[in-house]
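File shown here: run06.txt, holding compact mmCIF, C-alpha atoms.
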# COMPACT_ATOMS: atom_id res chain seq x y z
CA MET N 1 0.00 0.00 0.00
CA LYS N 2 2.82 2.38 0.73
CA ARG N 3 4.55 1.70 -2.51
CA GLY N 4 2.88 3.01 -5.54
CA VAL N 5 2.85 0.90 -8.60
CA ARG N 6 6.42 1.21 -9.74
CA ALA N 7 7.94 0.63 -13.09
CA ALA N 8 10.74 1.98 -15.19
CA LEU N 9 9.82 5.28 -16.68
CA GLY N 10 10.81 6.01 -20.21
CA ALA N 11 10.77 9.38 -21.80
CA LEU N 12 9.80 12.16 -19.49
CA ALA N 13 11.01 15.52 -20.60
CA LEU N 14 8.46 17.87 -19.17
CA ALA N 15 9.57 21.19 -17.86
CA GLY N 16 7.59 23.47 -15.59
CA LEU N 17 8.65 22.61 -12.06
CA GLY N 18 7.48 25.02 -9.47
CA CYS N 19 4.64 26.93 -11.08
CA ALA N 20 2.05 26.03 -8.54
CA SER N 21 -0.92 28.36 -8.74
CA THR N 22 -3.33 25.71 -9.98
CA PRO N 23 -2.56 22.12 -9.07
CA ASP N 24 -3.71 20.85 -12.44
CA PRO N 25 -2.95 23.13 -15.39
CA TRP N 26 -2.78 20.11 -17.70
CA GLU N 27 -6.21 18.84 -16.78
CA GLY N 28 -7.30 18.21 -20.36
CA MET N 29 -4.34 16.02 -21.15
CA ASN N 30 -4.45 14.39 -17.73
CA ARG N 31 -8.09 13.47 -18.09
CA GLY N 32 -7.30 11.85 -21.43
CA THR N 33 -4.52 9.78 -19.91
CA PHE N 34 -6.67 8.97 -16.90
CA TRP N 35 -9.46 7.76 -19.15
CA PHE N 36 -6.98 5.57 -21.02
CA ASN N 37 -5.63 4.12 -17.78
CA GLU N 38 -9.15 3.40 -16.59
CA ARG N 39 -9.90 1.55 -19.79
CA VAL N 40 -6.76 -0.53 -19.46
CA ASP N 41 -7.54 -1.24 -15.84
CA ARG N 42 -11.06 -2.42 -16.54
CA ALA N 43 -10.11 -4.43 -19.58
CA VAL N 44 -6.93 -6.06 -18.30
CA LEU N 45 -5.60 -5.28 -14.87
CA GLU N 46 -8.77 -5.53 -12.81
CA PRO N 47 -9.87 -8.87 -14.30
CA VAL N 48 -6.39 -10.33 -13.92
CA ALA N 49 -6.15 -9.05 -10.35
CA THR N 50 -9.59 -10.49 -9.61
CA GLY N 51 -8.40 -13.90 -10.78
CA TRP N 52 -5.21 -13.54 -8.79
CA ASP N 53 -7.18 -12.66 -5.69
CA TRP N 54 -9.50 -15.61 -6.25
CA ILE N 55 -6.69 -18.13 -6.69
CA LEU N 56 -4.18 -17.02 -4.11
CA PRO N 57 -4.92 -17.09 -0.39
CA GLU N 58 -4.47 -13.81 1.40
CA ARG N 59 -1.41 -15.09 3.18
CA VAL N 60 0.34 -15.71 -0.10
CA GLN N 61 -0.59 -12.28 -1.36
CA THR N 62 0.84 -10.77 1.79
CA SER N 63 4.07 -12.67 1.26
CA VAL N 64 4.34 -11.46 -2.31
CA SER N 65 3.75 -7.94 -1.06
CA ASN N 66 6.45 -8.42 1.59
CA PHE N 67 8.87 -9.63 -1.06
CA PHE N 68 8.44 -6.48 -3.14
CA ASP N 69 8.50 -4.23 -0.10
CA ASN N 70 11.83 -5.77 0.76
CA LEU N 71 13.20 -5.16 -2.72
CA PHE N 72 12.27 -1.52 -2.27
CA VAL N 73 14.09 -1.13 1.05
CA PRO N 74 17.46 -0.22 -0.55
CA ILE N 75 15.70 2.71 -2.21
CA VAL N 76 14.20 3.72 1.12
CA PHE N 77 17.70 3.51 2.56
CA VAL N 78 19.18 5.78 -0.10
CA ASN N 79 16.44 8.31 0.54
CA ASP N 80 16.76 8.19 4.30
CA PHE N 81 20.42 8.87 3.72
CA LEU N 82 19.66 11.75 1.35
CA GLN N 83 17.28 13.23 3.90
CA ALA N 84 19.91 12.95 6.63
CA LYS N 85 18.03 10.43 8.73
CA PRO N 86 20.77 8.19 10.11
CA VAL N 87 18.53 6.34 12.55
CA ALA N 88 16.01 5.49 9.88
CA ALA N 89 18.79 4.51 7.49
CA SER N 90 20.23 2.08 10.01
CA GLN N 91 16.77 0.62 10.55
CA ASP N 92 16.52 0.07 6.82
CA VAL N 93 19.81 -1.82 6.80
CA GLY N 94 18.66 -3.97 9.71
CA ARG N 95 15.30 -4.58 8.07
CA PHE N 96 16.79 -5.57 4.76
CA VAL N 97 19.34 -7.94 6.29
CA VAL N 98 16.82 -9.60 8.60
CA ASN N 99 14.10 -10.00 6.01
CA THR N 100 16.39 -11.15 3.25
CA THR N 101 17.90 -13.85 5.46
CA ALA N 102 15.55 -14.86 8.26
CA GLY N 103 12.60 -13.72 6.18
CA VAL N 104 13.57 -15.99 3.28
CA ALA N 105 14.33 -13.49 0.51
CA GLY N 106 11.83 -11.08 1.93
CA PHE N 107 8.70 -13.21 1.82
CA PHE N 108 8.25 -12.96 5.57
CA ASP N 109 8.36 -9.69 7.40
CA VAL N 110 10.37 -10.86 10.38
CA ALA N 111 11.74 -7.36 10.93
CA SER N 112 8.35 -5.95 11.92
CA ARG N 113 7.84 -8.79 14.35
CA ILE N 114 11.08 -8.01 16.14
CA GLY N 115 10.28 -4.31 16.20
CA ILE N 116 12.28 -2.81 13.34
CA PRO N 117 10.01 -0.13 11.91
CA GLU N 118 9.27 0.22 8.25
CA ASN N 119 10.12 3.58 6.75
CA ASP N 120 8.31 5.13 3.85
CA GLU N 121 10.60 7.12 1.57
CA ASP N 122 11.23 7.52 -2.11
CA PHE N 123 12.91 10.08 -4.35
CA GLY N 124 9.73 12.12 -4.81
CA GLN N 125 9.51 12.54 -1.04
CA THR N 126 13.18 13.42 -0.83
CA PHE N 127 12.78 16.16 -3.44
CA GLY N 128 9.80 17.42 -1.45
CA ARG N 129 11.85 17.37 1.71
CA TRP N 130 14.50 19.41 -0.02
CA GLY N 131 11.89 22.05 -0.69
CA CYS N 132 10.80 21.17 -4.18
CA PRO N 133 7.06 21.73 -4.62
CA PRO N 134 5.08 18.99 -6.36
CA GLY N 135 4.49 21.15 -9.40
CA PRO N 136 1.57 20.40 -11.68
CA TYR N 137 -0.41 17.23 -11.24
CA LEU N 138 0.46 14.69 -13.88
CA VAL N 139 -1.22 11.43 -14.84
CA LEU N 140 1.27 9.01 -16.35
CA PRO N 141 0.20 6.45 -18.92
CA LEU N 142 -0.21 3.05 -17.21
CA LEU N 143 1.52 4.29 -14.06
CA GLY N 144 -1.26 6.49 -12.77
CA PRO N 145 -1.35 9.68 -10.72
CA SER N 146 1.83 11.63 -10.17
CA SER N 147 3.20 15.11 -10.20
CA VAL N 148 6.13 16.57 -12.07
CA ARG N 149 8.27 16.21 -8.97
CA ASP N 150 7.14 12.67 -8.27
CA ALA N 151 7.61 11.66 -11.89
CA PHE N 152 11.27 12.69 -11.63
CA GLY N 153 11.28 10.84 -8.33
CA ARG N 154 10.21 7.68 -10.12
CA VAL N 155 13.19 7.99 -12.43
CA GLY N 156 15.40 8.16 -9.34
CA ASP N 157 13.62 5.18 -7.81
CA SER N 158 14.09 2.96 -10.81
CA ALA N 159 17.67 4.11 -11.34
CA SER N 160 18.46 2.97 -7.81
CA THR N 161 16.68 -0.34 -8.10
CA ILE N 162 19.87 -2.30 -7.81
CA TYR N 163 18.70 -5.66 -9.05
CA GLY N 164 17.65 -3.96 -12.29
CA TYR N 165 21.32 -3.80 -13.26
CA PHE N 166 21.93 -7.48 -12.70
CA VAL N 167 18.94 -9.26 -14.13
CA PRO N 168 17.71 -9.26 -17.73
CA TRP N 169 15.04 -6.69 -18.49
CA ALA N 170 12.49 -9.45 -19.05
CA VAL N 171 12.87 -10.51 -15.43
CA THR N 172 12.41 -6.95 -14.27
CA ALA N 173 9.33 -6.65 -16.45
CA GLY N 174 7.96 -9.93 -15.08
CA LEU N 175 8.55 -8.87 -11.49
CA THR N 176 6.94 -5.50 -12.14
CA THR N 177 3.90 -7.24 -13.59
CA VAL N 178 3.52 -9.54 -10.61
CA ASP N 179 3.93 -6.63 -8.23
CA THR N 180 1.36 -4.56 -10.11
CA VAL N 181 -1.22 -7.34 -10.18
CA ASN N 182 -0.65 -8.13 -6.54
CA VAL N 183 -1.02 -4.52 -5.44
CA ARG N 184 -4.13 -4.16 -7.57
CA ALA N 185 -5.61 -7.32 -6.06
CA ALA N 186 -5.34 -5.81 -2.60
CA LEU N 187 -7.32 -2.80 -3.79
CA LEU N 188 -10.19 -4.49 -5.61
CA GLU N 189 -12.93 -3.57 -3.20
CA GLU N 190 -11.44 -0.24 -2.32
CA ILE N 191 -11.26 1.01 -5.90
CA ARG N 192 -14.65 -0.41 -6.80
CA GLN N 193 -16.18 1.54 -3.94
CA ASP N 194 -14.26 4.71 -4.75
CA ARG N 195 -15.41 4.60 -8.33
CA GLU N 196 -19.01 4.11 -7.34
CA GLU N 197 -19.13 6.75 -4.67
CA SER N 198 -17.37 9.57 -6.39
CA LEU N 199 -19.15 12.09 -8.54
CA ASP N 200 -15.96 12.70 -10.45
CA PHE N 201 -13.47 9.88 -10.03
CA TYR N 202 -10.71 11.84 -11.71
CA VAL N 203 -11.01 14.61 -9.12
CA PHE N 204 -11.30 12.05 -6.34
CA VAL N 205 -7.99 10.47 -7.30
CA ARG N 206 -6.23 13.77 -7.87
CA ASN N 207 -7.24 15.20 -4.52
CA ALA N 208 -6.40 12.03 -2.59
CA TYR N 209 -3.07 11.61 -4.38
CA LEU N 210 -1.85 15.15 -3.83
CA GLU N 211 -2.88 15.28 -0.18
CA ASN N 212 -1.46 11.87 0.59
CA ARG N 213 1.87 12.66 -1.04
CA GLU N 214 2.37 15.89 0.87
CA HIS N 215 1.43 14.06 4.04
CA ARG N 216 4.16 11.53 3.36
CA VAL N 217 6.70 14.20 2.49
CA ARG N 218 6.03 15.59 5.97
CA ASP N 219 6.52 12.11 7.42
CA ARG N 220 2.87 11.91 8.45
CA VAL N 221 3.14 14.88 10.74
CA VAL N 222 0.02 16.97 10.28
CA PRO N 223 0.36 20.75 10.41
CA SER N 224 -2.26 21.96 12.82
CA ASP N 225 -3.12 25.41 11.51
CA GLU N 226 -3.76 24.20 8.05
CA ASP N 227 -6.62 25.78 6.25
CA ASP N 228 -10.01 27.34 6.03
CA LEU N 229 -11.50 24.11 4.79
CA TYR N 230 -13.26 23.95 8.13
CA TYR N 231 -14.76 27.43 8.17
CA ILE N 232 -17.05 29.10 5.74
CA GLU N 233 -15.86 32.50 4.58
CA ASP N 234 -17.25 35.43 6.42
CA GLU N 235 -20.63 36.83 5.51
CA GLU N 236 -19.32 40.02 3.89
CA GLU N 237 -17.63 38.08 1.15
CA ASP N 238 -20.82 36.50 -0.05
CA GLN N 239 -22.39 37.73 -3.21
CA PRO N 240 -25.97 37.16 -4.32
CA MET O 1 -9.03 25.37 -3.83
CA LYS O 2 -6.87 28.15 -2.57
CA ARG O 3 -6.39 28.07 1.12
CA ALA O 4 -5.75 31.54 2.34
CA PRO O 5 -3.87 31.92 5.59
CA ARG O 6 -6.11 33.47 8.17
CA GLY O 7 -3.33 35.55 9.56
CA ILE O 8 -3.59 37.12 12.92
CA VAL O 9 -6.89 35.56 13.87
CA ALA O 10 -5.45 32.14 13.25
CA ALA O 11 -2.32 32.92 15.21
CA ILE O 12 -4.29 34.11 18.20
CA ALA O 13 -6.73 31.25 18.05
CA LEU O 14 -3.84 28.85 17.82
CA ALA O 15 -2.09 30.40 20.79
CA CYS O 16 -5.25 30.15 22.84
CA VAL O 17 -6.01 26.56 22.15
CA ALA O 18 -2.45 25.25 22.27
CA GLY O 19 -2.12 22.60 24.91
CA THR O 20 -4.79 20.11 25.69
CA ALA O 21 -8.41 20.35 24.77
CA PRO O 22 -10.54 21.32 27.70
CA ALA O 23 -12.84 18.54 28.78
CA ARG O 24 -16.19 20.20 29.00
CA ALA O 25 -18.54 19.18 31.71
CA GLY O 26 -21.50 16.97 31.02
CA SER O 27 -20.41 15.15 27.88
CA ALA O 28 -17.82 12.69 26.71
CA GLY O 29 -14.61 14.24 25.38
CA PRO O 30 -13.54 13.83 21.75
CA SER O 31 -11.34 10.80 22.34
CA ALA O 32 -14.06 9.12 24.35
CA VAL O 33 -16.50 9.72 21.51
CA ILE O 34 -14.17 8.07 19.02
CA ARG O 35 -13.47 5.23 21.43
CA GLU O 36 -17.18 4.59 21.94
CA THR O 37 -17.82 4.76 18.22
CA ALA O 38 -15.02 2.34 17.41
CA ASP O 39 -16.19 -0.07 20.10
CA ALA O 40 -19.76 0.10 18.86
CA VAL O 41 -18.60 -0.60 15.31
CA VAL O 42 -16.46 -3.54 16.41
CA ALA O 43 -19.39 -4.96 18.35
CA VAL O 44 -21.50 -4.86 15.21
CA LEU O 45 -18.76 -6.43 13.09
CA ASN O 46 -18.33 -9.25 15.58
CA ASP O 47 -22.03 -9.97 15.87
CA GLY O 48 -22.32 -13.26 14.03
CA ALA O 49 -26.11 -13.09 14.01
CA LEU O 50 -26.15 -10.23 11.51
CA ASP O 51 -25.86 -10.57 7.76
CA THR O 52 -23.99 -8.08 5.60
CA ALA O 53 -26.97 -5.83 4.94
CA GLN O 54 -27.89 -5.71 8.62
CA ARG O 55 -24.32 -5.00 9.64
CA ARG O 56 -24.04 -2.14 7.20
CA LYS O 57 -27.34 -0.74 8.35
CA ARG O 58 -26.21 -0.80 11.97
CA ILE O 59 -22.97 0.92 11.07
CA GLU O 60 -24.88 3.53 9.08
CA ASP O 61 -26.98 4.18 12.16
CA ILE O 62 -23.84 4.72 14.18
CA ALA O 63 -22.62 7.19 11.57
CA TYR O 64 -25.91 9.09 11.77
CA GLU O 65 -25.39 9.54 15.45
CA ARG O 66 -21.75 10.54 15.37
CA PHE O 67 -21.32 12.71 12.30
CA ASP O 68 -22.47 16.30 12.07
CA PHE O 69 -23.89 16.07 8.56
CA ASP O 70 -25.32 19.54 8.76
CA THR O 71 -21.94 21.18 9.26
CA ILE O 72 -20.25 18.81 6.83
CA SER O 73 -22.74 19.72 4.10
CA ARG O 74 -22.14 23.43 4.56
CA LEU O 75 -18.38 23.10 4.64
CA VAL O 76 -18.22 20.78 1.70
CA LEU O 77 -20.06 23.27 -0.50
CA GLY O 78 -18.27 26.29 0.95
CA ARG O 79 -19.73 29.53 -0.27
CA ASN O 80 -21.91 27.68 -2.77
CA TRP O 81 -24.07 26.48 0.10
CA LYS O 82 -25.80 29.84 0.25
CA ALA O 83 -26.53 29.77 -3.46
CA LEU O 84 -28.87 26.84 -2.90
CA SER O 85 -32.52 27.41 -2.14
CA PRO O 86 -33.73 26.03 1.18
CA ALA O 87 -35.37 23.13 -0.63
CA GLN O 88 -32.15 22.39 -2.51
CA GLN O 89 -30.18 22.60 0.72
CA GLU O 90 -32.48 20.07 2.25
CA GLU O 91 -32.17 17.74 -0.69
CA PHE O 92 -28.41 18.08 -0.77
CA LEU O 93 -28.18 17.34 2.92
CA ARG O 94 -30.34 14.26 2.55
CA GLU O 95 -28.43 12.88 -0.42
CA PHE O 96 -25.01 13.62 1.01
CA ARG O 97 -25.90 12.10 4.35
CA ALA O 98 -27.05 8.95 2.61
CA LEU O 99 -23.89 8.86 0.53
CA LEU O 100 -21.56 9.32 3.48
CA SER O 101 -23.21 6.91 5.84
CA GLU O 102 -23.50 4.24 3.16
CA SER O 103 -19.89 4.77 2.29
CA TYR O 104 -18.86 4.52 5.92
CA GLY O 105 -20.87 1.35 6.44
CA ARG O 106 -19.44 -0.30 3.37
CA ARG O 107 -15.87 0.67 4.14
CA ILE O 108 -15.95 -0.36 7.76
CA ASP O 109 -17.60 -3.64 6.89
CA ARG O 110 -14.45 -4.66 5.04
CA TYR O 111 -12.32 -4.35 8.13
CA GLU O 112 -12.48 -7.36 10.34
CA GLN O 113 -9.61 -8.22 12.62
CA GLU O 114 -8.50 -4.63 12.91
CA GLU O 115 -8.27 -2.71 16.10
CA VAL O 116 -8.50 1.06 16.47
CA LYS O 117 -5.79 2.56 18.61
CA ILE O 118 -6.21 6.13 19.81
CA LEU O 119 -2.90 7.95 19.69
CA GLY O 120 -3.89 11.32 21.06
CA GLU O 121 -5.77 14.56 20.62
CA ARG O 122 -4.77 17.82 19.08
CA ALA O 123 -6.50 21.13 19.62
CA GLU O 124 -7.34 22.94 16.39
CA GLN O 125 -8.43 26.46 15.63
CA ARG O 126 -11.67 27.77 17.09
CA GLY O 127 -12.21 24.89 19.45
CA ASP O 128 -12.16 21.91 17.09
CA VAL O 129 -10.28 18.84 18.21
CA THR O 130 -8.57 16.22 16.09
CA VAL O 131 -8.41 12.71 17.49
CA GLN O 132 -5.54 10.79 15.97
CA THR O 133 -5.97 7.06 15.55
CA LYS O 134 -4.20 4.18 13.95
CA ILE O 135 -5.54 0.91 12.68
CA VAL O 136 -3.64 -2.09 13.97
CA GLY O 137 -3.73 -5.50 12.30
CA GLY O 138 -5.27 -6.81 9.12
CA GLN O 139 -4.80 -5.45 5.64
CA ALA O 140 -5.04 -1.84 6.73
CA ASN O 141 -2.33 -2.23 9.36
CA ASP O 142 -0.70 1.01 10.44
CA LEU O 143 -3.24 3.14 8.58
CA GLN O 144 -3.39 6.60 10.09
CA VAL O 145 -6.95 7.89 10.49
CA ASP O 146 -7.64 11.29 12.04
CA TYR O 147 -11.09 12.44 13.07
CA ARG O 148 -11.84 16.11 13.39
CA LEU O 149 -14.59 16.88 15.86
CA ARG O 150 -16.58 19.96 16.67
CA GLN O 151 -18.80 20.53 19.64
CA LYS O 152 -22.45 21.11 18.93
CA GLU O 153 -24.86 21.72 21.76
CA GLY O 154 -22.45 20.09 24.16
CA VAL O 155 -21.85 16.99 22.05
CA TRP O 156 -18.71 16.25 20.10
CA LEU O 157 -19.50 15.27 16.53
CA VAL O 158 -17.22 14.24 13.68
CA ILE O 159 -16.87 16.78 10.87
CA ASP O 160 -14.02 15.22 8.91
CA VAL O 161 -12.13 11.97 8.50
CA VAL O 162 -8.55 12.22 7.27
CA VAL O 163 -6.99 8.98 6.07
CA GLU O 164 -3.24 9.15 5.56
CA GLY O 165 -3.44 12.85 4.95
CA ALA O 166 -6.35 12.67 2.53
CA SER O 167 -9.35 14.53 3.90
CA LEU O 168 -12.83 13.31 3.11
CA LEU O 169 -14.19 16.82 3.37
CA SER O 170 -11.56 18.26 1.09
CA ASN O 171 -12.03 15.48 -1.41
CA TYR O 172 -15.77 15.88 -1.71
CA ARG O 173 -15.38 19.62 -1.74
CA SER O 174 -13.14 19.47 -4.79
CA GLN O 175 -15.47 17.04 -6.54
CA PHE O 176 -18.55 19.16 -5.83
CA ALA O 177 -16.75 22.30 -6.94
CA GLU O 178 -15.90 20.57 -10.20
CA VAL O 179 -19.45 19.43 -10.88
CA TRP O 180 -20.80 22.81 -9.82
CA SER O 181 -18.50 24.62 -12.22
CA GLN O 182 -19.77 22.43 -15.03
CA GLY O 183 -23.49 22.82 -14.45
CA GLY O 184 -24.36 24.59 -11.24
CA PRO O 185 -26.55 23.30 -8.42
CA GLU O 186 -29.07 21.55 -10.66
CA THR O 187 -26.42 19.31 -12.18
CA LEU O 188 -24.88 18.62 -8.81
CA LEU O 189 -28.17 17.50 -7.30
CA LYS O 190 -29.03 15.49 -10.38
CA ARG O 191 -25.71 13.68 -10.24
CA MET O 192 -26.24 12.88 -6.59
CA ARG O 193 -29.66 11.45 -7.30
CA GLU O 194 -28.34 9.39 -10.20
CA ARG O 195 -25.45 8.07 -8.20
CA LYS O 196 -27.75 5.68 -6.38
CA ILE O 197 -28.82 4.10 -9.62
CA ALA O 198 -25.24 3.81 -10.80
CA THR O 199 -24.24 2.24 -7.50
CA GLU O 200 -26.67 -0.62 -7.65
CA PRO O 201 -25.33 -4.02 -8.78
CA ALA O 202 -21.59 -3.58 -8.82
CA SER O 203 -20.26 -6.22 -11.16
CA ALA O 204 -20.79 -9.55 -12.80
CA ASP O 205 -17.38 -10.90 -11.94
CA ALA O 206 -18.24 -12.61 -8.69
CA GLY O 207 -15.03 -13.85 -7.06
Output the file's structure as structure tokens, nothing else.
Amino acid sequence: MKRGVRAALGALALAGLGCASTPDPWEGMNRGTFWFNERVDRAVLEPVATGWDWILPERVQTSVSNFFDNLFVPIVFVNDFLQAKPVAASQDVGRFVVNTTAGVAGFFDVASRIGIPENDEDFGQTFGRWGCPPGPYLVLPLLGPSSVRDAFGRVGDSASTIYGYFVPWAVTAGLTTVDTVNVRAALLEEIRQDREESLDFYVFVRNAYLENREHRVRDRVVPSDEDDLYYIEDEEEDQP
Amino acid sequence: MKRAPRGIVAAIALACVAGTAPARAGSAGPSAVIRETADAVVAVLNDGALDTAQRRKRIEDIAYERFDFDTISRLVLGRNWKALSPAQQEEFLREFRALLSESYGRRIDRYEQEEVKILGERAEQRGDVTVQTKIVGGQANDLQVDYRLRQKEGVWLVIDVVVEGASLLSNYRSQFAEVWSQGGPETLLKRMRERKIATEPASADAG
């Protein structure tokens, strides 16, 4: 759940970091890509994930999820390092060693059971921590919601996926597919409900994505004086 | 969309409420309200005598009691609320309340072995209180869920649920603003009415 659906990102040469007045200046294009992704999901990914969920017991799905979480830990480590979090970085090392060995290549999350916390970092969060704003919202083909900052983050994430340099690309592609299907299988009910209950699913996803990402950049610490979401503007401002 | 800083007022309000939330006499405090709600929900989920529809209905009833739908409806429409006629306001309130409580019932019904752990309270501006909770166990393990509560006639009621930083209120607000900008209040109300029809039988791919 913490990891998004990851994959190598090809050509991304979009400029425009930092102009942040509207969160979604590319809405027209984004909606097109979103629509395409939805079609692919309904036609391929959702049915496959439904089958996967039907065949594999939940325990197996959890193990698969653990395996991929463990593969991602080196990237978390790099980013804890880049964000100057030595304690977290040492936890990552401990977690990776324990789960790769005692946890049988990562299939069992022994580290959590012995109290080594799981950290949630990636390059997008690191850029955010360094002060880079998310920039415009961006829906990536097949990969889903992102922002300009997080899209560059993805490039960093896949560049530091170490095993990618040692195994043939077909293996990486296969692993990515399994990961994607497995993540999607865990979200079957969730996404079905979200689709049904939203009046505009595109806006639903955009809002949830952007708020969740900033929350994670802040390491889940909520600023308390946030906004006027909770108060209606004063009477004087109202117009007939 | 734009969230203007409220400047001095906010700073003063913040300074005043910093520290712990005052426990007002006569009613359960915010954390107690969340605790009671979570316990009531768990009791329903563990009641083997109920079928899915009954469970959801019970959970919806709990939502009716604990959420301040009136305030939520106003906030979620922002200044557009006043552009609605009283009859439209009433209809919106009714539809939105149905949507939210249904949604709550359905969502909660998916959680089984989970336990709700209350982490603490935080005082917000103008007397609101946020109760921070975490889900422990199950598929949603470690999920951070914050409830914002506001006191109404001496009772603490929930006005927002924030899951991992994503606010329910903010999310619906942006969706409603979008629909409103496309077709005004009529379209918004029409879409809310139609939603029920669209929601009916979910899929043919029974698992």
* Asked: Which residues of chain N are close to chain O, meaning at most 7 Å apart when you count all atoms listed in the file, and how do they look as a PyMOL selection string?
  -> chain N and resi 50+54+196+199-200+203-204+207-208+211-212+215+224-225+227-233
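The smallest atom-to-atom distance between Lys85 in chain N and any of N:Gly135, N:Tyr202, N:Val40, N:Thr126, using only C-alpha atoms, is found for N:Thr126.
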* **For Glu65 in chain O: contacts at 12 Å, only C-alpha atoms, fewer than 6 positions along chain excluded, given as a PyMOL selection string** => chain O and resi 33-34+36-37+40+58-59+97+101+155-158
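We find CA of Ala32 in chain O and CA of Leu93 in chain O to be spaced 26.9 Å apart.
A straight line drawn from CA of Tyr147 in chain O to CA of Ala43 in chain O is 20.0 Å long.
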Anything within 8 Å of (9.4, -1.4, 2.5): list those residues as a short mmCIF file (atom, residue, chain, number, x, y, z; two decimals) with C-alpha atoms, in the coordinates of the input, counting all atoms listed in the file and sticking to the file's coordinates.
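In the end it all went to point.cif:
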data_model
loop_
_atom_site.label_atom_id
_atom_site.label_comp_id
_atom_site.auth_asym_id
_atom_site.auth_seq_id
_atom_site.Cartn_x
_atom_site.Cartn_y
_atom_site.Cartn_z
CA LYS N 2 2.82 2.38 0.73
CA ARG N 3 4.55 1.70 -2.51
CA ASN N 66 6.45 -8.42 1.59
CA PHE N 68 8.44 -6.48 -3.14
CA ASP N 69 8.50 -4.23 -0.10
CA ASN N 70 11.83 -5.77 0.76
CA LEU N 71 13.20 -5.16 -2.72
CA PHE N 72 12.27 -1.52 -2.27
CA VAL N 73 14.09 -1.13 1.05
CA VAL N 76 14.20 3.72 1.12
CA GLU N 118 9.27 0.22 8.25
CA ASN N 119 10.12 3.58 6.75
CA ASP N 120 8.31 5.13 3.85
#
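With all atoms listed in the file as the basis for measurement, N:Phe123 is the residue among N:Trp35, N:Phe67, N:Phe123, N:Phe77 that approaches Arg149 in chain N most closely.
Residues within 10 Å of Gly105 in chain O, counting all atoms listed in the file and excluding same-chain residues fewer than 6 positions away, are Val41, Thr52, Ala53, Arg55, Arg56, Lys57, Arg58, Ile59, Glu60, Asp61, Ile62 and Ala63 of chain O.
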* **Selection near Ala84 in chain N, 12 Å with only C-alpha atoms, sequence-local residues under 5 positions removed, as a PyMOL selection string** => chain N and resi 77-79+89-90+126+129-130
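For the pair CA of Gln182 in chain O and CA of Arg195 in chain N, the separation is 19.5 Å.
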Since the input has fewer atoms than a full residue there, write range 94-106 of chain N out with N, CA and C atoms, as an mmCIF file, in the frame of the given file.
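Full text of part25.cif as output:
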data_model
loop_
_atom_site.group_PDB
_atom_site.id
_atom_site.type_symbol
_atom_site.label_atom_id
_atom_site.label_comp_id
_atom_site.auth_asym_id
_atom_site.auth_seq_id
_atom_site.Cartn_x
_atom_site.Cartn_y
_atom_site.Cartn_z
ATOM 1 N N GLY N 94 19.052 -2.849 8.852
ATOM 2 C CA GLY N 94 18.660 -3.970 9.710
ATOM 3 C C GLY N 94 17.486 -4.728 9.110
ATOM 4 N N ARG N 95 16.497 -3.978 8.654
ATOM 5 C CA ARG N 95 15.300 -4.580 8.070
ATOM 6 C C ARG N 95 15.638 -5.423 6.850
ATOM 7 N N PHE N 96 16.465 -4.865 6.000
ATOM 8 C CA PHE N 96 16.790 -5.570 4.760
ATOM 9 C C PHE N 96 17.576 -6.859 5.053
ATOM 10 N N VAL N 97 18.528 -6.757 5.960
ATOM 11 C CA VAL N 97 19.340 -7.940 6.290
ATOM 12 C C VAL N 97 18.460 -9.016 6.926
ATOM 13 N N VAL N 98 17.662 -8.624 7.891
ATOM 14 C CA VAL N 98 16.820 -9.600 8.600
ATOM 15 C C VAL N 98 15.820 -10.255 7.653
ATOM 16 N N ASN N 99 15.131 -9.430 6.869
ATOM 17 C CA ASN N 99 14.100 -10.000 6.010
ATOM 18 C C ASN N 99 14.648 -10.788 4.836
ATOM 19 N N THR N 100 15.815 -10.407 4.365
ATOM 20 C CA THR N 100 16.390 -11.150 3.250
ATOM 21 C C THR N 100 16.901 -12.515 3.707
ATOM 22 N N THR N 101 17.377 -12.583 4.940
ATOM 23 C CA THR N 101 17.900 -13.850 5.460
ATOM 24 C C THR N 101 16.829 -14.628 6.220
ATOM 25 N N ALA N 102 16.542 -14.159 7.435
ATOM 26 C CA ALA N 102 15.550 -14.860 8.260
ATOM 27 C C ALA N 102 14.170 -14.848 7.604
ATOM 28 N N GLY N 103 13.901 -13.836 6.831
ATOM 29 C CA GLY N 103 12.600 -13.720 6.180
ATOM 30 C C GLY N 103 12.553 -14.378 4.814
ATOM 31 N N VAL N 104 13.544 -15.221 4.528
ATOM 32 C CA VAL N 104 13.570 -15.990 3.280
ATOM 33 C C VAL N 104 13.333 -15.095 2.051
ATOM 34 N N ALA N 105 14.372 -14.354 1.702
ATOM 35 C CA ALA N 105 14.330 -13.490 0.510
ATOM 36 C C ALA N 105 13.223 -12.442 0.580
ATOM 37 N N GLY N 106 12.787 -12.171 1.787
ATOM 38 C CA GLY N 106 11.830 -11.080 1.930
ATOM 39 C C GLY N 106 10.376 -11.486 1.988
#
